[in-house]
Structures are given as C-alpha cells and as structure tokens.
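Note: the block below is final_30.txt and it holds compact mmCIF, C-alpha atoms and all ligand atoms.
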```
# COMPACT_ATOMS: atom_id res chain seq x y z
CA MET A 19 0.00 0.00 0.00
CA SER A 20 1.34 3.41 -0.95
CA THR A 21 1.51 6.09 1.73
CA HIS A 22 0.87 8.82 -0.92
CA SER A 23 -2.10 9.95 -2.88
CA ALA A 24 -2.05 12.02 -6.07
CA VAL A 25 -4.66 14.39 -4.61
CA ASP A 26 -2.46 15.15 -1.57
CA VAL A 27 0.55 15.85 -3.83
CA ILE A 28 -1.56 18.21 -5.99
CA ARG A 29 -2.97 19.96 -2.88
CA THR A 30 0.52 20.46 -1.43
CA LYS A 31 1.71 22.28 -4.56
CA ARG A 32 -1.60 24.06 -5.13
CA ASP A 33 -1.29 25.61 -1.65
CA GLY A 34 2.30 26.74 -2.28
CA GLY A 35 4.09 24.01 -0.32
CA ARG A 36 7.32 22.19 -1.18
CA LEU A 37 6.85 18.63 -2.40
CA SER A 38 8.84 16.15 -0.30
CA ASP A 39 11.49 14.06 -2.09
CA ASP A 40 9.39 11.01 -1.43
CA GLN A 41 6.23 12.59 -2.85
CA ILE A 42 8.11 13.53 -6.04
CA ARG A 43 9.63 10.08 -6.53
CA TRP A 44 6.32 8.37 -5.84
CA PHE A 45 4.36 10.66 -8.19
CA MET A 46 6.78 10.30 -11.12
CA ALA A 47 6.97 6.50 -10.82
CA ALA A 48 3.18 6.20 -10.42
CA TYR A 49 2.58 8.47 -13.43
CA THR A 50 5.01 6.49 -15.61
CA ASP A 51 3.27 3.24 -14.55
CA GLY A 52 -0.19 4.64 -15.33
CA VAL A 53 -1.34 4.61 -11.66
CA VAL A 54 -1.62 8.42 -11.63
CA ALA A 55 -4.08 9.62 -14.32
CA ASP A 56 -3.36 12.28 -16.96
CA GLU A 57 -5.87 14.69 -15.39
CA GLN A 58 -4.01 14.44 -12.07
CA ALA A 59 -0.62 15.04 -13.73
CA SER A 60 -2.07 18.03 -15.60
CA ALA A 61 -3.46 19.48 -12.35
CA LEU A 62 -0.02 19.14 -10.78
CA ALA A 63 1.63 20.74 -13.84
CA MET A 64 -0.76 23.70 -13.54
CA ALA A 65 -0.01 24.00 -9.80
CA ILE A 66 3.75 24.00 -10.58
CA PHE A 67 3.13 26.57 -13.34
CA TRP A 68 1.68 28.98 -10.75
CA ARG A 69 3.66 28.08 -7.64
CA GLY A 70 7.08 27.24 -9.12
CA MET A 71 9.62 24.93 -7.50
CA ALA A 72 12.50 25.47 -5.09
CA PRO A 73 15.95 24.61 -6.59
CA ASP A 74 16.44 21.47 -4.46
CA GLU A 75 12.86 20.39 -5.17
CA LEU A 76 13.46 20.80 -8.93
CA ALA A 77 16.70 18.77 -8.70
CA VAL A 78 14.78 15.83 -7.19
CA TRP A 79 11.96 16.23 -9.77
CA THR A 80 14.52 16.15 -12.61
CA GLN A 81 16.31 13.12 -11.15
CA ALA A 82 12.97 11.30 -10.87
CA MET A 83 12.35 12.01 -14.58
CA ILE A 84 15.78 10.62 -15.48
CA ASP A 85 15.15 7.55 -13.31
CA SER A 86 11.87 6.87 -15.15
CA GLY A 87 13.93 5.42 -18.04
CA GLU A 88 17.35 4.29 -19.23
CA ARG A 89 20.66 6.20 -19.33
CA LEU A 90 22.85 5.85 -22.38
CA ASP A 91 26.38 4.64 -21.79
CA LEU A 92 28.85 6.66 -23.87
CA SER A 93 31.95 5.21 -22.18
CA ALA A 94 33.04 3.61 -25.50
CA ILE A 95 33.58 7.09 -26.98
CA THR A 96 37.19 8.18 -26.59
CA ARG A 97 36.73 11.85 -27.54
CA PRO A 98 35.11 14.31 -25.09
CA THR A 99 31.34 14.33 -25.61
CA VAL A 100 29.61 17.71 -25.80
CA ASP A 101 26.02 18.22 -26.92
CA LYS A 102 24.08 21.36 -27.78
CA HIS A 103 20.45 22.17 -27.18
CA SER A 104 18.40 25.13 -28.32
CA THR A 105 15.12 26.09 -26.68
CA GLY A 106 13.83 26.51 -30.24
CA GLY A 107 13.13 29.27 -32.66
CA VAL A 108 12.18 30.13 -36.23
CA GLY A 109 14.81 29.28 -38.85
CA ASP A 110 16.99 27.80 -36.08
CA LYS A 111 18.96 25.29 -38.13
CA VAL A 112 22.19 25.79 -36.15
CA SER A 113 22.56 22.12 -35.18
CA LEU A 114 23.05 21.18 -38.84
CA PRO A 115 26.30 23.09 -39.45
CA LEU A 116 27.34 23.01 -35.76
CA ILE A 117 27.48 19.25 -35.21
CA PRO A 118 29.94 18.57 -38.09
CA LEU A 119 31.89 21.71 -37.19
CA ALA A 120 32.36 20.62 -33.55
CA ALA A 121 33.17 17.09 -34.76
CA ALA A 122 35.83 18.51 -37.11
CA CYS A 123 37.38 20.22 -34.05
CA GLY A 124 37.77 16.94 -32.12
CA VAL A 125 34.53 16.85 -30.10
CA ALA A 126 32.02 13.95 -30.23
CA VAL A 127 28.44 15.28 -30.45
CA PRO A 128 25.73 12.81 -29.32
CA GLN A 129 22.65 14.67 -30.51
CA LEU A 130 19.27 13.17 -29.61
CA SER A 131 16.77 15.46 -31.27
CA GLY A 132 13.08 16.10 -31.57
CA ARG A 133 10.55 16.95 -34.22
CA GLY A 134 8.94 20.33 -34.73
CA LEU A 135 5.64 21.18 -33.12
CA GLY A 136 3.70 24.36 -33.94
CA HIS A 137 5.71 27.31 -35.27
CA THR A 138 9.21 26.02 -34.40
CA GLY A 139 10.93 23.47 -36.64
CA GLY A 140 12.63 20.25 -35.57
CA THR A 141 16.11 19.08 -36.56
CA LEU A 142 14.87 15.59 -37.51
CA ASP A 143 12.23 16.98 -39.90
CA LYS A 144 14.90 19.12 -41.60
CA MET A 145 17.39 16.25 -41.92
CA GLU A 146 14.70 13.93 -43.30
CA SER A 147 14.44 16.13 -46.41
CA ILE A 148 17.85 14.66 -47.40
CA PRO A 149 17.11 11.63 -49.62
CA GLY A 150 17.75 8.37 -47.75
CA TRP A 151 18.60 9.89 -44.34
CA ARG A 152 17.35 7.87 -41.35
CA ALA A 153 16.42 9.40 -37.97
CA GLN A 154 15.73 6.13 -36.14
CA LEU A 155 18.86 4.33 -34.93
CA THR A 156 19.26 1.58 -32.35
CA ASN A 157 21.43 2.42 -29.34
CA ASP A 158 24.26 0.35 -30.88
CA GLU A 159 24.00 2.19 -34.21
CA PHE A 160 23.94 5.52 -32.36
CA ILE A 161 27.21 4.69 -30.56
CA ALA A 162 28.82 3.28 -33.74
CA VAL A 163 28.08 6.42 -35.82
CA LEU A 164 29.22 8.68 -32.98
CA ALA A 165 32.49 6.75 -32.55
CA ALA A 166 33.24 6.63 -36.29
CA GLU A 167 32.16 10.11 -37.40
CA GLY A 168 32.34 12.31 -34.28
CA GLY A 169 28.67 13.26 -34.54
CA VAL A 170 25.24 11.66 -34.75
CA ILE A 171 21.72 13.10 -35.02
CA CYS A 172 19.02 10.70 -33.95
CA ALA A 173 15.45 10.49 -32.61
CA ALA A 174 15.34 9.91 -28.84
CA GLY A 175 14.09 6.36 -28.22
CA PRO A 176 11.04 5.59 -26.05
CA GLY A 177 13.28 4.43 -23.19
CA LEU A 178 14.79 7.87 -22.54
CA ALA A 179 12.99 9.87 -19.80
CA PRO A 180 9.55 8.33 -20.60
CA ALA A 181 7.95 10.38 -17.81
CA ASP A 182 8.91 13.54 -19.72
CA ARG A 183 7.54 12.14 -22.97
CA ARG A 184 4.09 11.72 -21.41
CA LEU A 185 4.20 14.91 -19.40
CA TYR A 186 5.37 17.07 -22.32
CA ALA A 187 2.52 15.83 -24.54
CA LEU A 188 0.12 16.66 -21.72
CA ARG A 189 1.59 20.12 -21.13
CA ASP A 190 1.24 20.88 -24.80
CA THR A 191 -2.53 20.44 -24.55
CA THR A 192 -3.08 22.03 -21.12
CA GLY A 193 -1.37 25.43 -21.41
CA THR A 194 1.49 24.44 -19.09
CA VAL A 195 4.49 24.56 -21.45
CA GLU A 196 5.71 28.05 -20.48
CA SER A 197 6.89 27.23 -16.96
CA ILE A 198 10.59 27.60 -16.12
CA PRO A 199 10.86 24.55 -13.79
CA LEU A 200 8.86 22.39 -16.19
CA ILE A 201 10.85 23.43 -19.29
CA ALA A 202 14.19 23.13 -17.47
CA SER A 203 13.47 19.66 -16.05
CA SER A 204 12.05 18.44 -19.38
CA ILE A 205 15.09 19.48 -21.41
CA MET A 206 17.73 18.60 -18.82
CA SER A 207 16.30 15.16 -17.92
CA LYS A 208 16.73 14.09 -21.56
CA LYS A 209 20.18 15.61 -21.94
CA ILE A 210 21.48 14.11 -18.68
CA ALA A 211 19.99 10.68 -19.55
CA GLU A 212 21.72 10.88 -22.94
CA GLY A 213 25.05 10.60 -21.09
CA THR A 214 26.93 13.60 -22.52
CA ASP A 215 29.95 14.91 -20.54
CA ALA A 216 29.12 18.54 -21.30
CA LEU A 217 26.33 20.64 -22.80
CA VAL A 218 25.99 24.06 -24.42
CA LEU A 219 22.52 25.60 -24.26
CA ASP A 220 21.22 28.20 -26.69
CA VAL A 221 18.39 29.90 -24.81
CA LYS A 222 16.23 32.05 -27.07
CA PHE A 223 14.24 35.14 -26.17
CA GLY A 224 12.08 37.36 -28.39
CA SER A 225 8.85 37.00 -30.34
CA GLY A 226 9.67 33.57 -31.81
CA ALA A 227 10.80 32.00 -28.48
CA PHE A 228 8.89 30.06 -25.81
CA LEU A 229 9.72 32.78 -23.30
CA PRO A 230 9.82 36.14 -25.17
CA ASP A 231 11.00 38.17 -22.13
CA PRO A 232 14.87 38.24 -21.91
CA GLU A 233 14.79 38.20 -18.09
CA ARG A 234 12.71 35.01 -18.08
CA GLY A 235 15.10 33.57 -20.69
CA ARG A 236 18.02 34.38 -18.37
CA GLU A 237 16.28 32.68 -15.45
CA LEU A 238 15.63 29.60 -17.60
CA ALA A 239 19.30 29.54 -18.64
CA ARG A 240 20.46 29.79 -15.00
CA THR A 241 18.05 27.07 -13.91
CA MET A 242 19.23 24.66 -16.63
CA VAL A 243 22.92 25.37 -16.01
CA GLY A 244 22.29 24.71 -12.28
CA LEU A 245 20.61 21.37 -13.01
CA GLY A 246 23.32 20.24 -15.43
CA THR A 247 26.11 21.18 -13.04
CA ALA A 248 24.38 19.45 -10.10
CA HIS A 249 24.22 16.25 -12.20
CA GLY A 250 27.90 16.35 -13.17
CA VAL A 251 27.34 17.65 -16.73
CA ARG A 252 29.52 20.70 -17.45
CA THR A 253 26.91 23.13 -18.79
CA THR A 254 27.03 26.66 -20.19
CA ALA A 255 24.36 28.77 -21.87
CA LEU A 256 24.21 31.55 -24.44
CA LEU A 257 21.19 33.84 -24.46
CA THR A 258 20.37 34.76 -28.06
CA ALA A 259 17.73 36.92 -29.75
CA MET A 260 14.82 35.41 -31.67
CA GLU A 261 12.95 38.58 -32.71
CA GLN A 262 13.39 37.80 -36.41
CA PRO A 263 14.12 34.42 -38.04
CA LEU A 264 17.68 33.13 -37.89
CA GLY A 265 19.23 33.23 -41.37
CA ARG A 266 16.88 33.67 -44.31
CA ALA A 267 15.12 30.31 -44.59
CA ALA A 268 12.38 28.76 -42.43
CA GLY A 269 11.21 25.29 -43.46
CA ASN A 270 12.84 21.88 -43.94
CA ALA A 271 14.80 21.40 -47.22
CA VAL A 272 15.30 25.19 -47.43
CA GLU A 273 17.05 25.14 -44.05
CA VAL A 274 19.28 22.21 -45.06
CA GLU A 275 20.25 24.18 -48.17
CA GLU A 276 21.19 27.23 -46.06
CA SER A 277 23.15 25.07 -43.59
CA VAL A 278 25.19 23.59 -46.45
CA GLU A 279 25.94 27.15 -47.62
CA VAL A 280 27.42 27.85 -44.17
CA LEU A 281 29.53 24.69 -44.34
CA ALA A 282 30.73 25.77 -47.80
CA GLY A 283 32.05 29.02 -46.29
CA GLY A 284 29.05 31.27 -47.12
CA GLY A 285 25.57 31.63 -45.61
CA PRO A 286 23.89 34.47 -43.73
CA GLU A 287 26.05 36.40 -41.28
CA ASP A 288 23.81 35.91 -38.21
CA LEU A 289 23.73 32.15 -38.74
CA VAL A 290 27.52 31.92 -39.16
CA GLU A 291 28.07 34.08 -36.06
CA ILE A 292 25.89 31.99 -33.78
CA THR A 293 27.22 28.70 -35.17
CA LEU A 294 30.80 29.80 -34.44
CA ALA A 295 29.90 31.18 -30.99
CA LEU A 296 28.30 27.87 -29.96
CA ALA A 297 31.17 25.84 -31.49
CA ARG A 298 33.68 27.89 -29.45
CA GLU A 299 31.74 27.11 -26.26
CA MET A 300 31.68 23.41 -27.17
CA VAL A 301 35.42 23.12 -27.81
CA ALA A 302 36.17 25.11 -24.65
CA LEU A 303 34.01 22.73 -22.56
CA ALA A 304 35.87 19.82 -24.19
CA GLY A 305 39.18 21.42 -23.13
CA LEU A 306 40.42 21.71 -26.74
CA ASP A 307 42.54 24.63 -27.88
CA VAL A 308 41.34 25.04 -31.49
CA ASP A 309 39.49 27.73 -33.41
CA PRO A 310 36.34 26.40 -35.13
CA ALA A 311 36.61 29.19 -37.74
CA ASP A 312 39.62 27.33 -39.21
CA ALA A 313 37.66 24.05 -39.58
CA LEU A 314 34.89 25.96 -41.34
CA ALA A 315 37.25 27.81 -43.67
CA ASP A 316 39.37 24.84 -44.74
CA GLY A 317 36.46 22.47 -45.55
CA ARG A 318 36.95 20.00 -42.66
CA ALA A 319 33.46 20.80 -41.32
CA MET A 320 31.96 20.13 -44.76
CA ASP A 321 33.81 16.78 -44.96
CA ARG A 322 32.36 15.82 -41.54
CA TRP A 323 28.83 16.83 -42.67
CA ARG A 324 29.07 14.56 -45.71
CA ALA A 325 30.36 11.67 -43.59
CA ILE A 326 27.69 12.11 -40.86
CA VAL A 327 24.88 12.32 -43.45
CA ALA A 328 26.15 9.24 -45.31
CA ALA A 329 26.58 7.23 -42.08
CA GLN A 330 22.82 7.53 -41.52
CA GLY A 331 21.91 6.47 -45.09
CA GLY A 332 21.67 9.97 -46.57
CA ASP A 333 23.11 11.00 -49.93
CA PRO A 334 24.92 14.33 -49.46
CA ASP A 335 25.11 14.76 -53.26
CA ALA A 336 21.42 14.14 -53.98
CA PRO A 337 19.45 17.24 -55.01
CA LEU A 338 17.07 18.41 -52.26
CA PRO A 339 13.34 18.39 -53.07
CA VAL A 340 11.98 21.67 -54.46
CA ALA A 341 8.47 23.12 -53.92
CA ALA A 342 5.97 23.06 -56.77
CA GLU A 343 4.74 26.59 -55.98
CA HIS A 344 6.74 29.76 -55.31
CA ASP A 345 5.00 33.03 -54.54
CA ILE A 346 7.07 36.19 -54.16
CA LEU A 347 5.92 39.16 -52.11
CA VAL A 348 7.52 42.41 -53.31
CA ALA A 349 8.02 45.76 -51.56
CA GLU A 350 5.30 48.28 -52.37
CA SER A 351 7.63 51.23 -51.83
CA ASP A 352 11.28 52.06 -51.15
CA GLY A 353 12.22 51.69 -47.49
CA VAL A 354 14.22 50.05 -44.73
CA VAL A 355 12.91 46.92 -43.01
CA GLN A 356 12.07 47.81 -39.40
CA ARG A 357 10.62 44.56 -38.12
CA LEU A 358 10.30 40.99 -39.35
CA ASP A 359 8.29 39.09 -36.80
CA ALA A 360 9.82 35.67 -36.12
CA MET A 361 6.56 34.24 -34.82
CA ALA A 362 4.63 35.37 -37.94
CA VAL A 363 7.24 33.83 -40.28
CA GLY A 364 7.21 30.61 -38.22
CA VAL A 365 3.42 30.38 -38.33
CA ALA A 366 3.48 31.06 -42.11
CA ALA A 367 6.05 28.28 -42.71
CA TRP A 368 4.02 25.95 -40.51
CA ARG A 369 0.71 26.69 -42.29
CA LEU A 370 2.39 26.28 -45.68
CA GLY A 371 3.10 22.70 -44.61
CA ALA A 372 6.59 22.78 -43.03
CA GLY A 373 5.30 22.13 -39.50
CA ARG A 374 2.68 20.00 -37.79
CA ALA A 375 -0.32 20.81 -35.59
CA ARG A 376 -0.47 17.31 -34.01
CA LYS A 377 2.52 15.10 -33.41
CA GLU A 378 1.25 12.39 -35.78
CA ASP A 379 0.92 14.82 -38.76
CA ASP A 380 3.28 14.59 -41.77
CA VAL A 381 5.39 17.59 -42.77
CA SER A 382 6.24 18.84 -46.25
CA ALA A 383 9.95 18.68 -47.07
CA THR A 384 9.71 21.57 -49.52
CA ALA A 385 7.38 24.13 -47.89
CA GLY A 386 8.77 27.20 -46.20
CA VAL A 387 9.48 30.92 -46.25
CA ILE A 388 12.57 32.66 -47.60
CA CYS A 389 13.20 36.14 -46.18
CA HIS A 390 14.90 38.06 -49.00
CA ALA A 391 15.08 41.15 -46.77
CA LYS A 392 15.85 41.28 -43.05
CA VAL A 393 15.80 43.99 -40.40
CA GLY A 394 18.01 46.92 -41.44
CA ASP A 395 18.04 46.00 -45.14
CA THR A 396 17.17 48.74 -47.65
CA VAL A 397 14.66 47.64 -50.26
CA ARG A 398 13.42 49.30 -53.44
CA ALA A 399 9.81 49.22 -54.64
CA GLY A 400 9.25 46.00 -56.57
CA ALA A 401 12.16 44.13 -54.97
CA PRO A 402 11.40 40.66 -53.48
CA VAL A 403 11.06 40.68 -49.69
CA LEU A 404 9.44 37.34 -48.88
CA GLU A 405 9.08 34.12 -50.83
CA LEU A 406 6.51 31.49 -49.93
CA ARG A 407 7.06 27.91 -51.02
CA ALA A 408 4.50 25.13 -50.84
CA ASP A 409 2.92 22.28 -52.68
CA VAL A 410 -0.32 24.31 -53.10
CA ILE A 411 -0.44 28.03 -52.33
CA ALA A 412 -3.19 30.49 -51.39
CA PHE A 413 -1.93 32.89 -48.76
CA GLN A 414 -2.30 36.48 -47.59
CA PHE A 415 -0.38 37.86 -44.64
CA GLY A 416 1.37 40.85 -43.15
CA MET A 417 4.58 40.27 -41.22
CA LEU A 418 6.92 42.92 -42.56
CA ILE A 419 6.92 46.56 -41.63
CA LEU A 420 8.69 49.03 -43.93
CA GLU A 421 9.37 52.63 -43.06
N1 LIG B 1 11.60 21.38 -25.17
C1 LIG B 1 11.45 20.34 -24.35
O1 LIG B 1 12.01 19.27 -24.56
N2 LIG B 1 10.69 20.50 -23.25
C2 LIG B 1 10.05 21.66 -22.96
O2 LIG B 1 9.37 21.74 -21.95
C3 LIG B 1 10.22 22.75 -23.86
C4 LIG B 1 11.01 22.58 -24.95
```

The structure given in the file should be rewritten as structure tokens.
Ligand code: URA
Amino acid sequence: MSTHSAVDVIRTKRDGGRLSDDQIRWFMAAYTDGVVADEQASALAMAIFWRGMAPDELAVWTQAMIDSGERLDLSAITRPTVDKHSTGGVGDKVSLPLIPLAAACGVAVPQLSGRGLGHTGGTLDKMESIPGWRAQLTNDEFIAVLAAEGGVICAAGPGLAPADRRLYALRDTTGTVESIPLIASSIMSKKIAEGTDALVLDVKFGSGAFLPDPERGRELARTMVGLGTAHGVRTTALLTAMEQPLGRAAGNAVEVEESVEVLAGGGPEDLVEITLALAREMVALAGLDVDPADALADGRAMDRWRAIVAAQGGDPDAPLPVAAEHDILVAESDGVVQRLDAMAVGVAAWRLGAGRARKEDDVSATAGVICHAKVGDTVRAGAPVLELRADVIAFQFGMLILE
C-alpha cells in the first residue's frame, strides 16, 4: 500500500508548499506506470506553473524524470562528448552546421533530437528532407556512428525519460508549457539521460521564443545550467535573440540548403556568427585549444557533414526536393525593413506545410518561407522581400513593416 495519494501531492503544490522528495519520486513512478491519471498530472503541472519549484525540489523532480527510463552509456567514446540544445526558434537550423563543425574540431556530439511542433521546426524533420537519411537508430548504431564520425543526429528512443515524454505531450494540450521549472526539467532530464559529458545551451528570447522576455530567458538559462552542473554535466548557456528568423530560410529542405551554404564558407552572417559562438563554447568545454573558424574555412566541417549524413543512409550529393509553388511578395515602396516578426514567419512556414499541428501529422519537405530582406536592409519598390514555397499556395499575410 502506498503512503501517498495524487490528490495530496496536488494539494501540497496548489497551496504553495514544497513537495517532499518522497512525494516527487512516488508521483513520477506512479505516473510512468499509469497509476496516476493524466488529469491528475495536468493538475499538478498547472499547480507548478503557478507556484514554481525550489531549486532542491526541482533537482529531485529532474532526477525522478531521469530515473523513469534508461541512461545511455557513452563510455566507448574516446573523444570528449559535448552536446548542444536550443530552446527553439524560427529558422533555427544551427545544429546542422554546428554538429559537423564541432566534430571537425575533435569533439564527439551525441545529438538526440526532436521533431517540430507548432511554429518552431525540428532538426529531424529538416534532416529527413535529405534523400535516404534515417532518424531512427538503435542504441548500438547511435554509438557506432558517434564513434566513427564524431557526430550523430538521432530520434530519442522511447526508453529515454519516458515520464517527460508523457508529461510534455500533456503540457502541450493544457497550457502548461511556459513554466521555467517544467521546461528546465524536461530538457535537462533528456540531456542528462543521454550521457553527454558537457552541454551548451542556446536559450532564445524574443517574439519567436517560448519565453519572449529576456529576463525570463536568463532565469531559464540559469536554472538549466544549475541542473546540469548538479548532475555532473559541465553546462554553459548563451542567451540569443529570436525577434526575427535566424538566417533567411524557415522550413525543412530550405534550411538544409542554407546550412550547407554555411559549411561551404558562405551563408547568412547571423547564422555563421551563432554557429561559431556555440562551437567555441563546445570546444572550450571539451578542453580543446582550437578555433572552429579554421575548420569551417578549410572544408573540414563540410567533410564531416558529408560523412555524418552518409553514415545515416543519406546521400549528401542528392538534389534536395523543391516546392511546386513559389510566390514572391515584393516591396510596395522604397524603405528600410524595421521589423520581421519571427513568430509570424514561423506560423506562415508551418501553415504552408513545413510544421505539424499534431505530433502524428506529416510535414512537407519543400514548404517554407525565404526572407529576402531582413531587419536593417534597404529595399526598393518591386524588390522581393518574402518568398513562400508550398505544394499548393493560397496565402495572404502581413509580417513585414517598412518605413
Ligand atoms: N523542449 C522540451 O524538450 N521541453 C520543454 O518543456 C520545452 C522545450
């Protein structure tokens, strides 16, 4: 007979109390086993949303999420392992050039990734626009690719933090995503269970981010760094703006194309800058004294990209799929772009088919938005500012302000 009841745990948090370690461990195990019902877990999530969690309480909550599943063993990897996680944004394709770049510098990057939901894209959806590329690997395949190529990008298996898997799906439908303790424990439980030695976080703020307010972004970054450090994972965070899309492309194949441009030594300046900044953090955490800019300039990062793609069945030379329909929005007058709302571009790319509304939906490889002009750019009347790509197109929107 259990000494706990779900209703007592919910009442404790609802009334602003601290959950005991025992209550947390019991609740998480009972929820994973189906003893605690979804409506009870959603009531607790809402109570945490309003009442928050003390740091030591959150550490126990996160540990209980990790303990709900398996931990990967990366001891066979001889290089230092460093992963990267972004809290998500529009046009955020940084993982694609960053993983081969860090690998080219001597780091091993064990990236377990997710799919896009709503207006933010997912790394796996982008990579799957490469003909032949496979997101599902067994644990043995994951380790083999990581050991051989220095980087791997793979879907997290059902055994990794299963309590988070259920809870995250529930939060998505109950208005409880935007809670700092719940986001921090969700992200960090998966990253700690993945077994990486070190982790660099890219915490976004601005209109296209989960938490638009920079101060809340900072608090999320501090909370996640605290959790990682407490669990023996060397963790640092960069706080980066997501007011306008990163780079020029938002979608799947269009973002792969832009990532390859970066690896070839070109690409948009903001994307190159953030990729290099994160790569520098990763090599520093690995204790390596190398400059990632050299590996980008001399083609080693591109060589790693080709090898990592091929190791997962992808053909790096195959042409990427192209949309059947292109619609170009032109400037009505001369001017300078004042604002390009990341959220609006993300929603447009999503509605054009690049994203999904429910997790079982398919995504279009070719749909997306290309921003031909970004904030600060001067445009002339008649010049292209936005390009919409889709399989079928019928769209009207306003997301660009000219002055
Ligand atoms: N990503 C996650 O994995 N969990 C969250 O709660 C938010 C973003």

At a cut-off of 12 Å, can you tabulate as CSV every residue of chain A near ligand LIG 1 (chain B) together with its closest atom pair and the distance in Å to one decimal, using only C-alpha atoms and all ligand atoms and ordering rows by chain then number?
```
residue,atom,partner,partner_atom,distance
A:Ala63,CA,B:LIG1,O2,11.3
A:Phe67,CA,B:LIG1,O2,11.7
A:His103,CA,B:LIG1,N1,9.1
A:Ser104,CA,B:LIG1,N1,8.4
A:Thr105,CA,B:LIG1,C4,5.7
A:Gly106,CA,B:LIG1,C4,7.2
A:Gly107,CA,B:LIG1,C4,10.4
A:Leu130,CA,B:LIG1,O1,10.7
A:Ser131,CA,B:LIG1,O1,9.1
A:Gly132,CA,B:LIG1,O1,7.8
A:Arg133,CA,B:LIG1,O1,10.0
A:Gly134,CA,B:LIG1,N1,10.0
A:Leu135,CA,B:LIG1,C4,9.9
A:Gly136,CA,B:LIG1,C4,11.7
A:Thr138,CA,B:LIG1,C4,10.2
A:Gly139,CA,B:LIG1,N1,11.7
A:Gly140,CA,B:LIG1,N1,10.5
A:Ala174,CA,B:LIG1,O1,10.8
A:Leu178,CA,B:LIG1,O1,11.9
A:Ala179,CA,B:LIG1,O1,10.6
A:Pro180,CA,B:LIG1,O1,11.9
A:Ala181,CA,B:LIG1,N2,11.8
A:Asp182,CA,B:LIG1,N2,8.0
A:Arg183,CA,B:LIG1,O1,8.6
A:Arg184,CA,B:LIG1,N2,11.1
A:Leu185,CA,B:LIG1,O2,8.9
A:Tyr186,CA,B:LIG1,O2,6.2
A:Ala187,CA,B:LIG1,O2,9.4
A:Leu188,CA,B:LIG1,O2,10.6
A:Arg189,CA,B:LIG1,O2,8.0
A:Asp190,CA,B:LIG1,O2,8.7
A:Gly193,CA,B:LIG1,O2,11.4
A:Thr194,CA,B:LIG1,O2,8.8
A:Val195,CA,B:LIG1,O2,5.7
A:Glu196,CA,B:LIG1,O2,7.4
A:Ser197,CA,B:LIG1,O2,7.8
A:Ile198,CA,B:LIG1,O2,8.4
A:Pro199,CA,B:LIG1,O2,8.8
A:Leu200,CA,B:LIG1,O2,5.8
A:Ile201,CA,B:LIG1,O2,3.5
A:Ala202,CA,B:LIG1,O2,6.7
A:Ser203,CA,B:LIG1,O2,7.5
A:Ser204,CA,B:LIG1,N2,4.6
A:Ile205,CA,B:LIG1,O1,4.4
A:Met206,CA,B:LIG1,O1,8.1
A:Ser207,CA,B:LIG1,O1,8.9
A:Lys208,CA,B:LIG1,O1,7.6
A:Lys209,CA,B:LIG1,O1,9.3
A:Leu219,CA,B:LIG1,N1,11.7
A:Asp220,CA,B:LIG1,C4,11.8
A:Val221,CA,B:LIG1,C4,10.4
A:Lys222,CA,B:LIG1,C4,11.0
A:Ala227,CA,B:LIG1,C4,10.1
A:Phe228,CA,B:LIG1,C3,7.7
A:Leu229,CA,B:LIG1,C3,10.1
A:Leu238,CA,B:LIG1,C3,10.7
A:Met242,CA,B:LIG1,C2,11.5
```

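Between CA of Gly353 in chain A and CA of Gly400 in chain A lies a distance of 11.1 Å.
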
Determine, counting only C-alpha atoms, which protein, DNA and RNA residues have an atom within 8 Å of an atom of Asp110 in chain A; residues of the same chain fewer than 6 positions away are not included. Present the result as a compact mmCIF listing (two decimals) with C-alpha atoms, in the frame of the given file.
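Writing the result to result_11.txt gives the following:
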```txt
# COMPACT_ATOMS: atom_id res chain seq x y z
CA GLY A 139 10.93 23.47 -36.64
CA PRO A 263 14.12 34.42 -38.04
CA LEU A 264 17.68 33.13 -37.89
CA GLY A 265 19.23 33.23 -41.37
CA ALA A 268 12.38 28.76 -42.43
```

Check your understanding: Within 9 Å of Ile210 in chain A, counting only C-alpha atoms, which residues qualify if same-chain residues fewer than 5 places away don't, as an MDAnalysis selection string?
Key -> chainID A and resid 84 89 205 215 246 249:251

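For the residues A:Val363, A:Ala65, A:Pro115, A:Ala126, ranking by smallest atom-to-atom distance to Glu167 in chain A using all atoms listed in the file places A:Ala126 first.
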
Exercise for review: With a distance cut-off of 10 Å and all atoms listed in the file, select the neighbouring residues of Ala383 in chain A, excluding the residue or stretch itself and same-chain residues fewer than 4 positions from it, and output the selection as a list in words.
Suggested key: Asp143, Lys144, Met145, Glu146, Ser147, Ile148, Gly269, Asn270, Ala271, Val272, Leu338, Pro339, Val340, Ala341, Gly371, Ala372, Gly373, Ala408 and Asp409 of chain A

Review point. Which polymer residues have any atom within 8 Å of an atom of Val78 in chain A, counting only C-alpha atoms, with same-chain residues fewer than 4 positions away left out, as a PyMOL selection string?
Key: chain A and resi 39+42-43+74+82

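With distances taken over all atoms listed in the file, A:Ala153 is the one residue among A:Ala121, A:Ala153, A:Met71, A:Ala315 lying closest to Gln330 in chain A.
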
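Of the listed residues (A:Gly52, A:Cys172, A:Asp309, A:Arg36), A:Cys172 comes nearest to Leu142 in chain A; the distances count all atoms listed in the file.
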
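Neighbouring residues of Ala59 in chain A at 9 Å or closer, counting all atoms listed in the file and skipping chain neighbours under 5 positions away, are Ala24, Ile28, Phe45, Tyr49, Val54, Met64, Leu185 and Leu188 of chain A.
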